[in-house]
Structures are given as C-alpha cells and as structure tokens.
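Input: a single structure, listed below in structure tokens.
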Amino acid sequence: MRRKEKRLLQFAGLLIAALLFLPNVGLWSLYRDRVFDNSPDTMDRPGGIPPIQLNQMRKVAQVGLDGVRRTDWHDYEAMRRDAARFGNGEQGKPFPLTETDQVDQAYRENGFNIYVSDRISLNRSLPDIRHENCKQKLYAEKLPNTSIIIPFHNEGWSSLLRTVHSVLNRSPPQLIAEVILVDDFSDKEHLKVPLEEYMKRMPKVHILRTKKREGLIRTRLLGAAAAKGEVITFLDSHCEANVNWLPPLLDRIAQNRKTIVCPMIDVIDHDNFGYDTQAGDAMRGAFDWEMYYKRIPIPPELQRDDPSQPFESPVMAGGLFAVDRKWFWELGGYDTGLEIWGGEQYEISFKVWMCGGRMEDIPCSRVGHIYRKYVPYKVPGGISLAKNLKRVAEVWMDEYAEYVYQRRPEYRHLSARNMAERRRS
Ligand code: LR7
Ligand code: MN
C-alpha cells in the first residue's frame, strides 16, 4: 500500500513538472504565447481553431546520401495559432481603409501609413504563399545560429516592433543568437526610453546606437561588429518574416559558407498593409548602366524545373540577406566611405562574386517589406546617392565604369571621398 502511494506521488510530481516545463505542452508555452501578445482587435476565431492535417504534424528526419541528417523545421504549433487569428490585417489582409485613414499626416513621418500599422497586431498572421514544394522540404538538423541585425533611423514604433515580433515568432529560438537593433541617431522619443523599456521583456534583443548620423551602411557595420552569431542576417526596420523563413537560408550557408543568401521579398502595401508577392516571382536582381537597380526575368536557360529551388542572383536588393559572419569580414564588410543610403548592395554583390563566393535567392524563404511611398528622412547636405554609385563603379567595375559615365556624364567629375585610399587597400 505504502509503495503504491509513493509511486502515485512520484507520478503526480512528474506530471506537474511536465506541465510546467515541457515546451509546447507546459504552462511555459502559454506564457510564451501571451507575453508578446498585446494585439489590438484580435480574438480567437469563432468555432475554434481550424484543424491541421495530420501529415503536417509529423516531424520527420532523414539522413541524405551526403550523411547529413535533415529534419522538418516547421513549427506547426505556431502555424496553427497563426491560422486561427482574425482581425485587422490578419492573414496579411489589407486593412479596410476609409478616406480619413489616408490623410497626408499618416504618411509624413514614415513614408507609409503608420495609422494603419498601429491598428494591426504586432503578432499578425501572414498568408503562407510559398511554393507547394517548400512545405515538404527538410533542412540540416544542425544549422548555424544567426544574429539578426536591424538598422533603423526614425522608424515607426509599430513597424519596428512588428519586425522584431515576426522574427521571434517565426524562427526556431535555438537559431536566433540575438537580435541587434542599431539606432542610427534617431530623434524620435519613442525610440529612446520607451524602446529600451519594451525590449526588457525580450532578453535576446539588444539596442546599440550610433553617436552621430552614420547612414544605413555604417549603422549595419556597427551591428555586425558586435554580432556573436555564426551567421549575420540583415533586415530593414519595416519587415515581416513569413513561415519558416530562416532554416532555408541557414541551410545554404551550412552547405557553402561563401554563399550569401536572400529571401524572396514580398510587398507590404504602404497604404493598407496587405501582404502580397512582388509582381512576377521568377525575377532576379540586376542593374543598368545608370546603376539603377531593377528586377528582370530569370533567363529561360537558367530557370529550374522546380521553382522552389535556390537560384543565383547577380546583385541583391540590399536590405535583406544572410551571410556567414567570418566570410562577411573576409569580404571586408562594407566600404565605410559609402554614405547614408544606396550603392552598398552592388558593392557587397560584386565582392562576393569576385572573391569566389556566390549569391542566391531562396524561394522557400519569404520576408515582407514595406516599400515606402516616399523617403521621409533627411539626408545631410553634400551627400548624394550619385557619389556612392560613382565610388562603387570606380572601385569595382574597372573599365566598365566608362559605360556608367557615358550614361551619367555628371558622375565623371563628382568627388567621392577617399576613392584613391580605398583602391589602395
Ligand atoms: O540614414 C539612414 N539610416 C538608417 O539606419 C537611412 C536608413 N536607415 C535604415 C532604415 O531604417 C532601414 O532599416 O536602413 C534601412 C534601409 O533604409 P530604407 O528602408 O529607407 O531603404 P529602402 O528599403 O528604400 O532601400 C533598399 O535599398 C537600400 C540601398 O542602400 C538598402 O539596401 C535597403 O536595405 C534596401 N531595402 C531592401 O532591399 C528591401 C527591399 C526593397 C528593394 C529593392
Ligand atoms: Mn526599407
């Protein structure tokens, strides 16, 4: 009898411990759900949580011919929770705008409608618009972890926080070493003490600040210099990471550390915050002789039968990519003579291709970005995009810089800081 009671007690103890501590079962999982959820206008869907197919719950692992153990990295529990959300902007739906929502003031400070952003949950759900094949893919069980680096200058409160929430909500925690927010000398009050107070509840998030306005290039470098993760992943300060966005990026770097990878960049509408793919998905980055960035169709001979496969890209859009941290520094990081905005996407792209690395777009990784209506921030006097572009062309394009001068004769006599010094180094 006694022994039986003891057994019973032991069992009860174990049960309580499991309830408290087991991930996804225990009470901590409830805590994790709630602690970040300060959502406006979000309720559980009437009629309960939609069922999820059983085959989607199965976590599989396989050993490939290369001996690498691969696993299903999807977080089905989080996906189910997302699917159950409804309310303003949920499932990436456009916010129903009235004319009063579209006053100029809403756009002035950010170049997008911050009133709408403020009325959408920081944890809003997004539509899973990946190619069907992405849903079956397995990635290495052992992946490098990453520091996420987000530079910002006078970013809106809800757009910045939604970036951070989406990353933490949709990434396997063990793959996120830290999130580094780097403030490029913002003067908005909400980005000072209130941001620090808010981030106290997110121990992985650190805030660094520049001592003067540096521009996005040196601001990213400040974050990268502090980063401890094996990989660094840069994002703009107004993004939303979509389902299982991170493992497909890290997996390519794990296979070849000299690969720089970019997610597919989806569009978050600057008026209504609807989430959608960019027009024409089978496109990749390019530029013309004016150094104007554009996306052009992937040439037919390079198109894959399976559109979920990674493909090579000559130049990246700039803001959203992951790179092995040591490789980033072996490439020399960014040219610190590039000011405020622009040109750095070519510089890093040219270097990776010229130094024996490669650059890829990864269709199974999707991240939304708010394309602004206009640039809201000031650029200090004497600084211009043209100078950055000239500098990149002169340093890296050799005789091809001449083509740029033919199209932009006014670049020829621009003085771009420290050019000779850069070439020597
Ligand atoms: O002075 C500044 N200091 C900053 O820290 C100016 C900007 N920033 C921050 C800003 O808060 C944001 O997080 O730097 C980031 C990029 O600035 P944006 O959002 O004003 O740039 P963008 O989205 O208009 O421009 C694209 O091209 C830039 C060229 O320098 C950068 O590479 C951006 O990261 C890049 N954005 C993307 O690639 C997302 C897809 C858009 C495209 C194409
Ligand atoms: Mn941006």
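A note on labels: chains of the structure tokens are A, B, ... as shown, every chain counts residues from 1, and ligands are counted from 1 in their shown order.
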Requested in this report: With only C-alpha atoms and all ligand atoms counted, collect every polymer residue having an atom within 6 Å of ligand 1; state the result as JSON, numbers by chain.
Outcome: {"A": [151, 152, 153, 155, 184, 215, 216, 219, 236, 237, 317, 318, 319, 320, 340, 341, 342, 343, 344, 345, 369]}
Residues within 10 Å of Asn256 in chain A, only C-alpha atoms, excluding chain neighbours under 4 positions, as an MDAnalysis selection string: chainID A and resid 250:252 260 324 357:358
*Measuring atom to atom with only C-alpha atoms and all ligand atoms, identify which of A:Thr163, A:Ser121, A:Thr210, A:Gln62 is nearest to ligand 2.*
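The shortest atom-to-atom distance to ligand 2 comes from A:Thr163.
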Alpha helix (DSSP H) call set, DSSP backbone run, range 73-182 of chain A, as JSON, numbers by chain:
{"A": [76, 77, 78, 79, 80, 81, 82, 83, 104, 105, 106, 107, 108, 114, 115, 116, 117, 118, 157, 158, 159, 160, 161, 162, 163, 164, 165, 166, 167, 168, 169]}
Writing out the chosen residues with C-alpha atoms as a PDB file, in the first residue's frame:
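Okay, result.pdb is ready:
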ATOM      1  CA  TYR A  76       3.273  23.507 -36.762  1.00  0.00           C
ATOM      2  CA  GLU A  77       2.021  24.687 -33.417  1.00  0.00           C
ATOM      3  CA  ALA A  78       2.828  28.303 -34.293  1.00  0.00           C
ATOM      4  CA  MET A  79       1.360  27.838 -37.762  1.00  0.00           C
ATOM      5  CA  ARG A  80      -1.870  26.547 -36.237  1.00  0.00           C
ATOM      6  CA  ARG A  81      -2.019  29.502 -33.852  1.00  0.00           C
ATOM      7  CA  ASP A  82      -1.464  31.890 -36.753  1.00  0.00           C
ATOM      8  CA  ALA A  83      -4.158  30.232 -38.838  1.00  0.00           C
ATOM      9  CA  ASP A 104      -1.134  63.066 -45.511  1.00  0.00           C
ATOM     10  CA  GLN A 105      -0.141  63.136 -41.878  1.00  0.00           C
ATOM     11  CA  ALA A 106      -0.316  59.330 -41.730  1.00  0.00           C
ATOM     12  CA  TYR A 107       2.487  59.057 -44.303  1.00  0.00           C
ATOM     13  CA  ARG A 108       4.619  62.039 -43.385  1.00  0.00           C
ATOM     14  CA  ILE A 114       1.541  54.447 -39.788  1.00  0.00           C
ATOM     15  CA  TYR A 115      -2.095  54.852 -38.621  1.00  0.00           C
ATOM     16  CA  VAL A 116      -2.957  51.588 -40.301  1.00  0.00           C
ATOM     17  CA  SER A 117       0.193  49.916 -38.983  1.00  0.00           C
ATOM     18  CA  ASP A 118      -0.751  50.991 -35.452  1.00  0.00           C
ATOM     19  CA  TRP A 157       7.005  52.209 -33.385  1.00  0.00           C
ATOM     20  CA  SER A 158       4.614  49.537 -34.641  1.00  0.00           C
ATOM     21  CA  SER A 159       6.515  48.868 -37.873  1.00  0.00           C
ATOM     22  CA  LEU A 160       9.800  48.365 -35.995  1.00  0.00           C
ATOM     23  CA  LEU A 161       8.256  46.184 -33.307  1.00  0.00           C
ATOM     24  CA  ARG A 162       6.341  44.098 -35.812  1.00  0.00           C
ATOM     25  CA  THR A 163       9.663  43.346 -37.498  1.00  0.00           C
ATOM     26  CA  VAL A 164      11.088  42.065 -34.215  1.00  0.00           C
ATOM     27  CA  HIS A 165       7.945  40.146 -33.235  1.00  0.00           C
ATOM     28  CA  SER A 166       7.679  38.443 -36.604  1.00  0.00           C
ATOM     29  CA  VAL A 167      11.292  37.300 -36.375  1.00  0.00           C
ATOM     30  CA  LEU A 168      10.909  35.923 -32.848  1.00  0.00           C
ATOM     31  CA  ASN A 169       7.519  34.358 -33.572  1.00  0.00           C
TER      32      ASN A 169
END
Review point. Using only C-alpha atoms and all ligand atoms, which of the listed residues (A:Ile268, A:Leu97, A:Val261, A:Lys326) sits closest to ligand 2?
Key: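 Nearest candidate to ligand 2 out of A:Ile268, A:Leu97, A:Val261, A:Lys326: A:Ile268.
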Check the smallest atom-to-atom distance from each of A:Arg170, A:His131, A:Arg366, A:Lys373 to ligand 2 using only C-alpha atoms and all ligand atoms, then report the winner.
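For ligand 2, the nearest of the candidates is A:Lys373.
Contact shell of Tyr377 in chain A at 9 Å (only C-alpha atoms; same-chain neighbours under 6 positions omitted): Glu109, Asn110, Gly111, His153 and Asn154 of chain A.
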- [ ] Would you please give, as a PyMOL selection string, all residues of range 186-413 of chain A that DSSP assigns to strand (DSSP E) based on the backbone?
- [x] chain A and resi 205-209+231-234+239-241+259-268+275-276+283-287+293-297+311-312+321-324+358-370
Closest to ligand 2 among A:Met359, A:Met283, A:Ile348, A:Ile150, using only C-alpha atoms and all ligand atoms?
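Ranking A:Met359, A:Met283, A:Ile348, A:Ile150 by distance to ligand 2, first place goes to A:Ile150.
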12 Å contact set for Phe287 in chain A, only C-alpha atoms, chain neighbours under 5 positions out, as a list in words: Tyr292, Tyr293, Lys294, Arg295, Ile296, Ser313, Pro314, Val315, Met316, Ala317, Gly343, Gln345, Tyr346, Ser349, Phe350, Leu389 and Val404 of chain A
Write a file of the just-selected residues containing N, CA, C and O atoms, as a compact mmCIF listing (two decimals), in the first residue's frame.
# COMPACT_ATOMS: atom_id res chain seq x y z
N TYR A 292 20.95 51.82 -61.89
CA TYR A 292 19.61 51.81 -61.35
C TYR A 292 19.23 50.35 -61.10
O TYR A 292 19.31 49.53 -62.02
N TYR A 293 18.85 50.02 -59.86
CA TYR A 293 18.51 48.63 -59.52
C TYR A 293 17.17 48.25 -60.12
O TYR A 293 16.21 49.01 -60.06
N LYS A 294 17.11 47.08 -60.72
CA LYS A 294 15.83 46.61 -61.25
C LYS A 294 15.76 45.10 -61.15
O LYS A 294 16.79 44.43 -61.00
N ARG A 295 14.55 44.60 -61.25
CA ARG A 295 14.39 43.15 -61.29
C ARG A 295 14.02 42.78 -62.72
O ARG A 295 13.19 43.42 -63.34
N ILE A 296 14.70 41.76 -63.23
CA ILE A 296 14.38 41.30 -64.59
C ILE A 296 14.12 39.79 -64.55
O ILE A 296 14.60 39.10 -63.65
N SER A 313 21.89 34.94 -58.20
CA SER A 313 21.47 36.29 -58.48
C SER A 313 22.70 37.18 -58.63
O SER A 313 23.61 37.10 -57.81
N PRO A 314 22.76 37.98 -59.69
CA PRO A 314 23.93 38.84 -59.88
C PRO A 314 24.08 39.89 -58.78
O PRO A 314 25.16 40.09 -58.23
N VAL A 315 22.99 40.59 -58.46
CA VAL A 315 23.04 41.60 -57.39
C VAL A 315 21.80 41.49 -56.51
O VAL A 315 20.73 41.12 -56.96
N MET A 316 22.00 41.82 -55.25
CA MET A 316 20.88 41.74 -54.31
C MET A 316 20.15 43.08 -54.24
O MET A 316 20.68 44.12 -54.66
N ALA A 317 18.93 43.05 -53.67
CA ALA A 317 18.18 44.30 -53.49
C ALA A 317 18.85 45.17 -52.43
O ALA A 317 18.82 46.40 -52.51
N GLY A 343 23.94 51.95 -53.05
CA GLY A 343 25.20 51.53 -53.65
C GLY A 343 25.82 50.34 -52.95
O GLY A 343 26.55 49.56 -53.58
N GLN A 345 24.51 47.69 -51.97
CA GLN A 345 24.02 46.39 -52.46
C GLN A 345 24.86 45.90 -53.63
O GLN A 345 25.07 44.72 -53.81
N TYR A 346 25.39 46.84 -54.44
CA TYR A 346 26.27 46.45 -55.55
C TYR A 346 27.64 46.06 -55.00
O TYR A 346 28.22 45.08 -55.41
N SER A 349 27.63 42.70 -53.50
CA SER A 349 27.36 41.69 -54.54
C SER A 349 28.60 41.48 -55.42
O SER A 349 28.98 40.34 -55.70
N PHE A 350 29.22 42.57 -55.85
CA PHE A 350 30.41 42.43 -56.70
C PHE A 350 31.50 41.68 -55.95
O PHE A 350 32.17 40.82 -56.50
N LEU A 389 27.38 55.76 -55.84
CA LEU A 389 27.38 54.93 -57.05
C LEU A 389 28.69 55.09 -57.82
O LEU A 389 29.28 54.12 -58.29
N VAL A 404 29.10 53.62 -67.34
CA VAL A 404 28.28 54.42 -66.41
C VAL A 404 28.46 55.90 -66.74
O VAL A 404 27.48 56.64 -66.82
- [ ] Considering only C-alpha atoms and all ligand atoms, state which residue in the set A:Leu126, A:Cys355, A:Val267, A:Ile232 is at the smallest distance from ligand 2.
- [x]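 The answer is A:Val267, which sits nearest to ligand 2.
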* To do: Have a look at A:Ala401, A:Ile265, A:Ile362, A:Val193 and name the one nearest to ligand 2; count only C-alpha atoms and all ligand atoms.
  =>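 Under the stated criterion, the closest residue is A:Ile265.
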Env of range 90-96 of chain A: 9 Å cut, atoms = only C-alpha atoms, seq-sep filter 4 positions within chain, self excluded. Answer as a PDB file with N, CA and C atoms, in the first residue's frame.
ATOM      1  N   THR A  42      -7.746  41.406 -31.811  1.00  0.00           N
ATOM      2  CA  THR A  42      -7.548  40.027 -32.214  1.00  0.00           C
ATOM      3  C   THR A  42      -8.246  39.111 -31.230  1.00  0.00           C
ATOM      4  N   ASP A  82      -1.323  30.811 -35.775  1.00  0.00           N
ATOM      5  CA  ASP A  82      -1.464  31.890 -36.753  1.00  0.00           C
ATOM      6  C   ASP A  82      -2.739  31.716 -37.578  1.00  0.00           C
ATOM      7  N   ALA A  83      -2.991  30.483 -37.983  1.00  0.00           N
ATOM      8  CA  ALA A  83      -4.158  30.232 -38.838  1.00  0.00           C
ATOM      9  C   ALA A  83      -5.453  30.586 -38.113  1.00  0.00           C
ATOM     10  N   ARG A  85      -5.944  33.122 -36.156  1.00  0.00           N
ATOM     11  CA  ARG A  85      -6.088  34.550 -35.847  1.00  0.00           C
ATOM     12  C   ARG A  85      -7.008  35.247 -36.842  1.00  0.00           C
ATOM     13  N   PHE A  86      -7.804  36.150 -36.353  1.00  0.00           N
ATOM     14  CA  PHE A  86      -8.536  37.008 -37.285  1.00  0.00           C
ATOM     15  C   PHE A  86      -8.671  38.389 -36.672  1.00  0.00           C
ATOM     16  N   VAL A 116      -2.509  52.956 -40.022  1.00  0.00           N
ATOM     17  CA  VAL A 116      -2.957  51.588 -40.301  1.00  0.00           C
ATOM     18  C   VAL A 116      -2.058  50.590 -39.569  1.00  0.00           C
ATOM     19  N   ARG A 119      -2.860  49.974 -36.060  1.00  0.00           N
ATOM     20  CA  ARG A 119      -4.116  49.271 -35.758  1.00  0.00           C
ATOM     21  C   ARG A 119      -4.060  47.789 -36.086  1.00  0.00           C
ATOM     22  N   ILE A 120      -2.902  47.332 -36.456  1.00  0.00           N
ATOM     23  CA  ILE A 120      -2.726  45.895 -36.756  1.00  0.00           C
ATOM     24  C   ILE A 120      -1.840  45.276 -35.672  1.00  0.00           C
ATOM     25  N   SER A 121      -2.175  44.059 -35.288  1.00  0.00           N
ATOM     26  CA  SER A 121      -1.412  43.389 -34.231  1.00  0.00           C
ATOM     27  C   SER A 121       0.070  43.293 -34.574  1.00  0.00           C
ATOM     28  N   ASN A 123       1.721  40.908 -33.734  1.00  0.00           N
ATOM     29  CA  ASN A 123       1.907  39.466 -33.994  1.00  0.00           C
ATOM     30  C   ASN A 123       1.028  38.990 -35.129  1.00  0.00           C
ATOM     31  N   ARG A 124       0.695  39.883 -36.060  1.00  0.00           N
ATOM     32  CA  ARG A 124      -0.307  39.463 -37.038  1.00  0.00           C
ATOM     33  C   ARG A 124       0.179  38.250 -37.848  1.00  0.00           C
ATOM     34  N   SER A 125      -0.791  37.508 -38.349  1.00  0.00           N
ATOM     35  CA  SER A 125      -0.502  36.323 -39.145  1.00  0.00           C
ATOM     36  C   SER A 125      -0.330  36.724 -40.609  1.00  0.00           C
ATOM     37  N   LEU A 126       0.399  35.906 -41.353  1.00  0.00           N
ATOM     38  CA  LEU A 126       0.625  36.179 -42.772  1.00  0.00           C
ATOM     39  C   LEU A 126       0.169  34.976 -43.589  1.00  0.00           C
ATOM     40  N   PRO A 127      -0.201  35.199 -44.834  1.00  0.00           N
ATOM     41  CA  PRO A 127      -0.562  34.046 -45.665  1.00  0.00           C
ATOM     42  C   PRO A 127       0.702  33.289 -46.052  1.00  0.00           C
ATOM     43  N   ASP A 128       0.621  31.975 -46.036  1.00  0.00           N
ATOM     44  CA  ASP A 128       1.774  31.162 -46.417  1.00  0.00           C
ATOM     45  C   ASP A 128       1.746  31.016 -47.934  1.00  0.00           C
ATOM     46  N   ILE A 268       4.572  44.601 -48.592  1.00  0.00           N
ATOM     47  CA  ILE A 268       3.553  45.042 -47.639  1.00  0.00           C
ATOM     48  C   ILE A 268       3.100  46.413 -48.138  1.00  0.00           C
ATOM     49  N   ASP A 269       1.845  46.511 -48.481  1.00  0.00           N
ATOM     50  CA  ASP A 269       1.328  47.725 -49.125  1.00  0.00           C
ATOM     51  C   ASP A 269       1.447  48.937 -48.182  1.00  0.00           C
ATOM     52  N   ASP A 271      -0.171  51.631 -48.123  1.00  0.00           N
ATOM     53  CA  ASP A 271      -1.456  52.235 -47.751  1.00  0.00           C
ATOM     54  C   ASP A 271      -2.220  51.341 -46.767  1.00  0.00           C
ATOM     55  N   ASN A 272      -2.453  50.080 -47.176  1.00  0.00           N
ATOM     56  CA  ASN A 272      -3.382  49.242 -46.388  1.00  0.00           C
ATOM     57  C   ASN A 272      -2.724  48.054 -45.704  1.00  0.00           C
ATOM     58  N   PHE A 273      -1.419  47.887 -45.875  1.00  0.00           N
ATOM     59  CA  PHE A 273      -0.666  46.814 -45.235  1.00  0.00           C
ATOM     60  C   PHE A 273      -1.054  45.411 -45.684  1.00  0.00           C
ATOM     61  N   GLY A 274      -1.731  45.304 -46.813  1.00  0.00           N
ATOM     62  CA  GLY A 274      -1.956  43.975 -47.382  1.00  0.00           C
ATOM     63  C   GLY A 274      -0.608  43.357 -47.740  1.00  0.00           C
ATOM     64  N   TYR A 275      -0.520  42.028 -47.614  1.00  0.00           N
ATOM     65  CA  TYR A 275       0.739  41.305 -47.864  1.00  0.00           C
ATOM     66  C   TYR A 275       0.614  40.515 -49.152  1.00  0.00           C
ATOM     67  N   ASP A 276       1.533  40.719 -50.077  1.00  0.00           N
ATOM     68  CA  ASP A 276       1.443  40.015 -51.348  1.00  0.00           C
ATOM     69  C   ASP A 276       2.827  39.821 -51.951  1.00  0.00           C
TER      70      ASP A 276
END
